[in-house]
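One structure is given here, and the rest of the page talks about it.
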Amino acid sequence: MIQLEKIEKTYTAGTVQTPVLKGISFSINAGEYVAIMGASGTGKSTLMHILGCLDKPTGGRYRLDDTDMVNLDDDALSHLRNGKIGFVFQQFHLLDRATALRNVMLPLIYAKEYPADAHQRAEKALAAVGLAERMSYKPNQLSGGQQQRVAIARALITDPSILLADEPTGSLDSKSGTEVMAILQRLHRDGRTIILVTHDRSVADHARRVIVLKDGQVAEDRPVAQPRDAESELATVVDEEVRP
Amino acid sequence: MRTLRIAQEGARALAAHKLRTFFMMAGTIVGIAALTVIMAVGKGTEKKVMKRVNAFGTHAIMVTSGGGKGFSPPQAGITTLRLEDAEAIRSQVQGIDVVAPFAVRRDSPTKAGSNQLQTIVMAVGADWHDAWEWYTADGEPITAEDNSTMARVCLLGTLSANDLFGSQNAIGEDIQIGNVRFKVKGILEPRGTSPMGDEFDRRIVIPLTTGMRRVFNQDYITSIRVKVKDSRQIESIAEEIRQLLHERHHITPPREDDFAIFSAADIAKMARGISGTLTYLLVALAGLSLLVGGIVLMNILLISVGERTKEIGLRRALGATQRDVFRQFLVESLSVTILGMVAGSLLGWVVSIALARLTQSPVVISWESFALAIGFALVVGVFFGVQPARRAARLRPVEALR
């Protein structure tokens, strides 16, 4: 589904050239749950931007669903993002003044075909992340965890090939974080391809495969021996809360 | 459809920031309001001018005794304008249809029974009706015979008839002008207000000979009304009459004229008078408001692009193309100016109507001013919206999301 071949990204400021990605190659198959790890400054964000078609590499090839994105123009990339990629950001990036429902519907505005059942789809997506009762709430009336769940619902509304989550738990307390991870886990189980970008080993361990970046190159690419189970962890947390 | 959805996004953004939207709108509101008032006052003035010009007569030249540059009433005590002058004009100037000399006395005391009226009495020849295109609505006009026999007959305007006789039929009744008794032989057609602002319909008309000899006791006239055949020749004929009267009255500049000549063009100029200055002021105000309002609009939009960098980045990440972002911001700009245009038009109408009440002068609210307002709103919205919209569209999503 995703094939990266010798992806390079070099930033040029004046005459100074800063290589950030130095030939990254890997493939991700449909249905995989992959964590991309690395300390800050290893090119993790840059790679995520390229994977998300927000930025173009300066070298190499990137094929997404058999489309070579390197040769696409800005409009085509926009359509690609809209149709194939669902973003979840650390800062949620919801529209403050719009309700949860409107936020979830936002990607449909830019869809090639606006679905007639946009409302119902958004309602279903919100219900799927446990926010059926909060559809008309605005972001400032929701907790951080709830906001991130709205963002996940938004990411899924166009039924994308890949869910790209950039530090999805970075702004959340541990319980909300676990809730979000449990949702991702469930999505993976339902067959969604998920790429999780994080610097946090304990978050990365929820995935089934970890790609570690170091100095702009792939340092490690290995399966996770014993993936953490966010759903059972969540159950434990709930148990602890319920216990007197 | 996509455009419509994007337009909705723009509209939502405006609705979500009402105060900001209002500030963006303020300049357009004032500008369009000023524009609407200008048009309303301008149209009103034109209407007034046309009414005055029509009342004066589009083919008419008036020669009045007494000099002066303004459109002043004939000066009492100037005795140099004579019937012979009218004869000379009639026989020596080409292109003339009618020459009607007349004498006027303002504030003449008149009465009928116990009703008294101080009003303008005009002593006229038989040509006068044709010269003014002013005839009797009822009864008989002043005739050449009335003049040759110095008949003591008169015509009343509708208002003077009402003042003297009420609703009673005045024809055949007697009135007194000064000490002379006259028989009412006709009622004039209603004619409205004179260029000088007094009521045409409160006049009393008598034969010229009777007036000069029996009532005013004078051998001079106060005015000559000339009707030309072709209104395009009015300026040259007026000049010819001026030359003729200079000769006849032995006037060589710099000595001042002892008469004055007016045509419809002069009447129009006078009626436009003050409103012209007012119009220039308002045009300046409208132009300035639209310009300043446009700059404010652009600035606020630019600031809002800066503030909404993250939002723009998000939209780009979710699939908005550069064109989508550009459109959204242009829609925001245009919505502001169009809403401002609607509010400005309403404000302009209110001000125009208030102005009409206050100054007693007519204003005309026209669809043209609305069309012009729409035009200006679109131009300002696009002109000042393009730059911010372009800046928003060019934001790189990666940087915007940071």
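Here's how to read the names in the structure tokens: chain A, B, ... by the order shown, residue numbers from 1 in each chain, ligand numbers from 1 in the order shown.
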Quiz item: Once you count only C-alpha atoms, which residues of chain A turn out to be within 7 Å of chain B? Could you give them as a list in words?
Solution: His49, Leu54, Asp55, Asp75, Ser78, His79, Arg81, Asn82, His93, Leu95, Arg97, Pro107, Ile109 and Tyr110 of chain A
With N, CA and C atoms retained, export the selected residues as a compact mmCIF listing (two decimals), in the first residue's frame.
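That gives us part-v4.txt:
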# COMPACT_ATOMS: atom_id res chain seq x y z
N HIS A 49 5.04 14.27 7.36
CA HIS A 49 4.48 15.21 6.37
C HIS A 49 4.52 14.62 4.97
N LEU A 54 1.62 16.15 2.70
CA LEU A 54 1.62 17.57 3.00
C LEU A 54 2.89 18.22 2.45
N ASP A 55 3.87 17.40 2.17
CA ASP A 55 5.16 17.91 1.71
C ASP A 55 5.72 16.89 0.72
N ASP A 75 -2.92 20.53 -6.35
CA ASP A 75 -4.34 20.16 -6.33
C ASP A 75 -4.51 18.66 -6.16
N SER A 78 -3.86 17.62 -2.72
CA SER A 78 -4.98 17.97 -1.85
C SER A 78 -6.08 16.91 -1.93
N HIS A 79 -6.38 16.51 -3.17
CA HIS A 79 -7.43 15.50 -3.35
C HIS A 79 -7.01 14.17 -2.74
N ARG A 81 -4.95 13.75 -0.19
CA ARG A 81 -5.08 13.87 1.27
C ARG A 81 -6.52 13.69 1.69
N ASN A 82 -7.40 14.34 0.92
CA ASN A 82 -8.81 14.29 1.28
C ASN A 82 -9.36 12.87 1.21
N HIS A 93 -6.40 20.25 16.56
CA HIS A 93 -6.74 21.12 15.43
C HIS A 93 -8.23 21.03 15.07
N LEU A 95 -11.89 23.18 14.77
CA LEU A 95 -12.34 24.57 14.62
C LEU A 95 -13.09 24.95 15.89
N ARG A 97 -15.02 27.33 16.80
CA ARG A 97 -16.39 27.86 16.82
C ARG A 97 -17.40 26.92 16.19
N PRO A 107 -13.98 17.53 6.44
CA PRO A 107 -13.30 16.98 5.26
C PRO A 107 -14.25 16.75 4.08
N ILE A 109 -16.50 18.65 3.00
CA ILE A 109 -16.63 19.89 2.21
C ILE A 109 -15.68 19.87 1.03
N TYR A 110 -14.51 19.29 1.25
CA TYR A 110 -13.50 19.31 0.20
C TYR A 110 -13.49 18.01 -0.61
Exercise. Skip B:Ala33 itself and residues of its chain fewer than 2 positions away, then list as a ChimeraX atom specification all residues within 9 Å of it, counting only C-alpha atoms.
Key: /B:28-31,35-38,286,341,343-349,351,373
Quiz prompt | Polymer residues at most 9 Å from B:Thr58, only C-alpha atoms, same-chain spacing of 6 or more positions, as a ChimeraX atom specification | solution = /B:227,231,263-265
Practice problem: Could you find all residues in stretch 82-300 of chain B that DSSP calls strand (DSSP E or B) from the backbone, and write them as a PyMOL selection string? | Solution: chain B and resi 96-112+115-124+136-139+153-156+174-177+180-188+193+199+204-207+223-228+259-263
Report the closest atom pair, with its distance in Å rounded to one decimal, for each residue of stretch 14-125 of chain B that has an atom no farther than 7 Å from stretch 202-209 of chain B; count only C-alpha atoms, sort by chain and then rising residue number, and write it as a Markdown table.
| residue | atom | partner | partner_atom | distance |
| --- | --- | --- | --- | --- |
| B:Phe102 | CA | B:Leu208 | CA | 6.3 |
| B:Ala103 | CA | B:Leu208 | CA | 6.9 |
| B:Thr119 | CA | B:Arg203 | CA | 6.3 |
| B:Ile120 | CA | B:Arg203 | CA | 5.2 |
| B:Val121 | CA | B:Ile204 | CA | 4.8 |
| B:Met122 | CA | B:Val205 | CA | 4.8 |
| B:Ala123 | CA | B:Leu208 | CA | 4.1 |
| B:Val124 | CA | B:Leu208 | CA | 4.2 |
| B:Gly125 | CA | B:Leu208 | CA | 5.3 |
Quiz item: Which neighbours of stretch 125-138 of chain A fall inside 7 Å, counting only C-alpha atoms, when residues of the same chain fewer than 5 positions from it are skipped, and could you give them as a list in words?
Solution: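 Counting only C-alpha atoms, the residues come to Asp96, Arg97, Ala98, Thr99, Ala100, Leu101, Arg149, Val150, Ala153 and Ile157 of chain A.
If you measure from each of B:Arg82, B:Thr222, B:Val63, B:Arg20 to B:Arg248 using only C-alpha atoms, the closest one turns out to be B:Arg82.
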Quiz item: Hey, what's within 9 Å of B:Arg225 if we count only C-alpha atoms and toss same-chain stuff fewer than 2 positions away? As a list in words, please?
Solution: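 Near neighbours after the sequence-gap exclusion: Ala60, Ile61, Met62, Val63, Thr64, Ala86, Val98, Val99, Ala100, Pro101, Phe102, Trp128, Ala131, Trp132, Ser223 and Lys227 of chain B.
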Next, write the just-selected residues to a file, as a PDB file, in the first residue's frame, keeping N, CA and C atoms as the atom set.
ATOM      1  N   ALA B  60     -38.131  79.700 -23.246  1.00  0.00           N
ATOM      2  CA  ALA B  60     -38.370  81.093 -22.838  1.00  0.00           C
ATOM      3  C   ALA B  60     -37.099  81.848 -22.495  1.00  0.00           C
ATOM      4  N   ILE B  61     -37.136  83.132 -22.850  1.00  0.00           N
ATOM      5  CA  ILE B  61     -36.122  84.075 -22.380  1.00  0.00           C
ATOM      6  C   ILE B  61     -36.887  85.184 -21.679  1.00  0.00           C
ATOM      7  N   MET B  62     -36.377  85.559 -20.491  1.00  0.00           N
ATOM      8  CA  MET B  62     -37.029  86.643 -19.780  1.00  0.00           C
ATOM      9  C   MET B  62     -36.095  87.834 -19.773  1.00  0.00           C
ATOM     10  N   VAL B  63     -36.647  88.991 -20.142  1.00  0.00           N
ATOM     11  CA  VAL B  63     -35.900  90.237 -20.016  1.00  0.00           C
ATOM     12  C   VAL B  63     -36.589  91.021 -18.912  1.00  0.00           C
ATOM     13  N   THR B  64     -35.853  91.351 -17.865  1.00  0.00           N
ATOM     14  CA  THR B  64     -36.479  92.108 -16.784  1.00  0.00           C
ATOM     15  C   THR B  64     -35.750  93.420 -16.599  1.00  0.00           C
ATOM     16  N   ALA B  86     -39.804  96.008 -26.596  1.00  0.00           N
ATOM     17  CA  ALA B  86     -40.442  94.747 -26.989  1.00  0.00           C
ATOM     18  C   ALA B  86     -40.709  94.740 -28.490  1.00  0.00           C
ATOM     19  N   VAL B  98     -42.807  84.360 -30.043  1.00  0.00           N
ATOM     20  CA  VAL B  98     -43.699  85.307 -29.375  1.00  0.00           C
ATOM     21  C   VAL B  98     -42.880  86.289 -28.548  1.00  0.00           C
ATOM     22  N   VAL B  99     -43.290  87.541 -28.530  1.00  0.00           N
ATOM     23  CA  VAL B  99     -42.709  88.523 -27.615  1.00  0.00           C
ATOM     24  C   VAL B  99     -43.845  89.096 -26.783  1.00  0.00           C
ATOM     25  N   ALA B 100     -43.769  88.941 -25.507  1.00  0.00           N
ATOM     26  CA  ALA B 100     -44.873  89.377 -24.652  1.00  0.00           C
ATOM     27  C   ALA B 100     -44.376  90.297 -23.547  1.00  0.00           C
ATOM     28  N   PRO B 101     -44.550  91.599 -23.744  1.00  0.00           N
ATOM     29  CA  PRO B 101     -44.182  92.520 -22.668  1.00  0.00           C
ATOM     30  C   PRO B 101     -45.243  92.510 -21.586  1.00  0.00           C
ATOM     31  N   PHE B 102     -44.809  92.713 -20.347  1.00  0.00           N
ATOM     32  CA  PHE B 102     -45.807  92.827 -19.278  1.00  0.00           C
ATOM     33  C   PHE B 102     -45.283  93.665 -18.132  1.00  0.00           C
ATOM     34  N   TRP B 128     -49.428  87.080 -24.226  1.00  0.00           N
ATOM     35  CA  TRP B 128     -48.887  86.535 -22.967  1.00  0.00           C
ATOM     36  C   TRP B 128     -49.253  85.069 -22.782  1.00  0.00           C
ATOM     37  N   ALA B 131     -46.984  83.065 -24.892  1.00  0.00           N
ATOM     38  CA  ALA B 131     -45.600  83.167 -24.429  1.00  0.00           C
ATOM     39  C   ALA B 131     -45.356  82.267 -23.223  1.00  0.00           C
ATOM     40  N   TRP B 132     -46.306  82.175 -22.359  1.00  0.00           N
ATOM     41  CA  TRP B 132     -46.169  81.330 -21.149  1.00  0.00           C
ATOM     42  C   TRP B 132     -46.777  79.944 -21.357  1.00  0.00           C
ATOM     43  N   SER B 223     -41.115  93.616 -17.572  1.00  0.00           N
ATOM     44  CA  SER B 223     -40.468  92.443 -18.172  1.00  0.00           C
ATOM     45  C   SER B 223     -40.946  92.216 -19.589  1.00  0.00           C
ATOM     46  N   LYS B 227     -40.450  84.006 -26.454  1.00  0.00           N
ATOM     47  CA  LYS B 227     -40.463  82.568 -26.692  1.00  0.00           C
ATOM     48  C   LYS B 227     -39.786  82.314 -28.028  1.00  0.00           C
TER      49      LYS B 227
END
Exercise. Could you check which of B:Pro362, B:Gly95, B:Gly57, B:Gly294 is closest to B:Phe376, using only C-alpha atoms?
Key: B:Gly294
Practice problem: Have a look at B:Ile221, B:Val305, B:Leu155, B:Ala112 and name the one nearest to B:Thr79; count only C-alpha atoms. | Solution: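 Closest to B:Thr79, using only C-alpha atoms: B:Ile221.
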Quiz item: Which residues come within 12 Å of A:Ser202, counting only C-alpha atoms, excluding same-chain residues fewer than 4 positions away, as a list in words?
Solution: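 The residues that qualify are Ala35, Met37, Glu167, Thr169, Gly170, Ser174, Gly177, Thr178, Met181, Thr198, His206, Ala207, Val210, Val224, Gln226, Pro227, Arg228, Asp229 and Ala230 of chain A.
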Practice problem: Mind listing the alpha helix (DSSP H) residues of stretch 108-185 of chain A, per DSSP on the backbone, as a ChimeraX atom specification? | Solution: /A:108-109,118-128,144-156,174-185
Store the residues picked out above in a file with C-alpha atoms, as a PDB file, in the first residue's frame.
ATOM      1  CA  LEU A 108     -16.483  16.234   3.287  1.00  0.00           C
ATOM      2  CA  ILE A 109     -16.628  19.886   2.212  1.00  0.00           C
ATOM      3  CA  ALA A 118     -23.004  13.621   5.210  1.00  0.00           C
ATOM      4  CA  HIS A 119     -24.914  14.338   8.397  1.00  0.00           C
ATOM      5  CA  GLN A 120     -25.701  10.728   9.143  1.00  0.00           C
ATOM      6  CA  ARG A 121     -22.146   9.712   8.378  1.00  0.00           C
ATOM      7  CA  ALA A 122     -20.769  12.288  10.780  1.00  0.00           C
ATOM      8  CA  GLU A 123     -23.245  11.219  13.447  1.00  0.00           C
ATOM      9  CA  LYS A 124     -22.213   7.607  12.968  1.00  0.00           C
ATOM     10  CA  ALA A 125     -18.535   8.493  13.142  1.00  0.00           C
ATOM     11  CA  LEU A 126     -19.060  10.416  16.385  1.00  0.00           C
ATOM     12  CA  ALA A 127     -21.109   7.580  17.822  1.00  0.00           C
ATOM     13  CA  ALA A 128     -18.284   5.193  16.945  1.00  0.00           C
ATOM     14  CA  GLY A 144      -8.985  16.892  25.732  1.00  0.00           C
ATOM     15  CA  GLY A 145      -9.713  13.212  25.271  1.00  0.00           C
ATOM     16  CA  GLN A 146     -13.119  13.970  23.820  1.00  0.00           C
ATOM     17  CA  GLN A 147     -11.625  16.533  21.459  1.00  0.00           C
ATOM     18  CA  GLN A 148      -9.120  13.980  20.213  1.00  0.00           C
ATOM     19  CA  ARG A 149     -11.933  11.524  19.683  1.00  0.00           C
ATOM     20  CA  VAL A 150     -13.758  14.148  17.590  1.00  0.00           C
ATOM     21  CA  ALA A 151     -10.547  14.506  15.598  1.00  0.00           C
ATOM     22  CA  ILE A 152     -10.427  10.743  15.050  1.00  0.00           C
ATOM     23  CA  ALA A 153     -14.035  10.751  13.887  1.00  0.00           C
ATOM     24  CA  ARG A 154     -13.118  13.575  11.496  1.00  0.00           C
ATOM     25  CA  ALA A 155     -10.134  11.618  10.202  1.00  0.00           C
ATOM     26  CA  LEU A 156     -12.333   8.611   9.441  1.00  0.00           C
ATOM     27  CA  SER A 174      -2.831   8.980  30.697  1.00  0.00           C
ATOM     28  CA  LYS A 175      -6.409   7.794  30.954  1.00  0.00           C
ATOM     29  CA  SER A 176      -7.592   9.859  27.960  1.00  0.00           C
ATOM     30  CA  GLY A 177      -4.469   8.728  26.145  1.00  0.00           C
ATOM     31  CA  THR A 178      -5.294   5.115  26.821  1.00  0.00           C
ATOM     32  CA  GLU A 179      -8.841   5.693  25.588  1.00  0.00           C
ATOM     33  CA  VAL A 180      -7.502   7.100  22.332  1.00  0.00           C
ATOM     34  CA  MET A 181      -5.094   4.197  21.957  1.00  0.00           C
ATOM     35  CA  ALA A 182      -7.950   1.800  22.572  1.00  0.00           C
ATOM     36  CA  ILE A 183      -9.890   3.397  19.723  1.00  0.00           C
ATOM     37  CA  LEU A 184      -6.880   3.066  17.393  1.00  0.00           C
ATOM     38  CA  GLN A 185      -6.505  -0.543  18.440  1.00  0.00           C
TER      39      GLN A 185
END
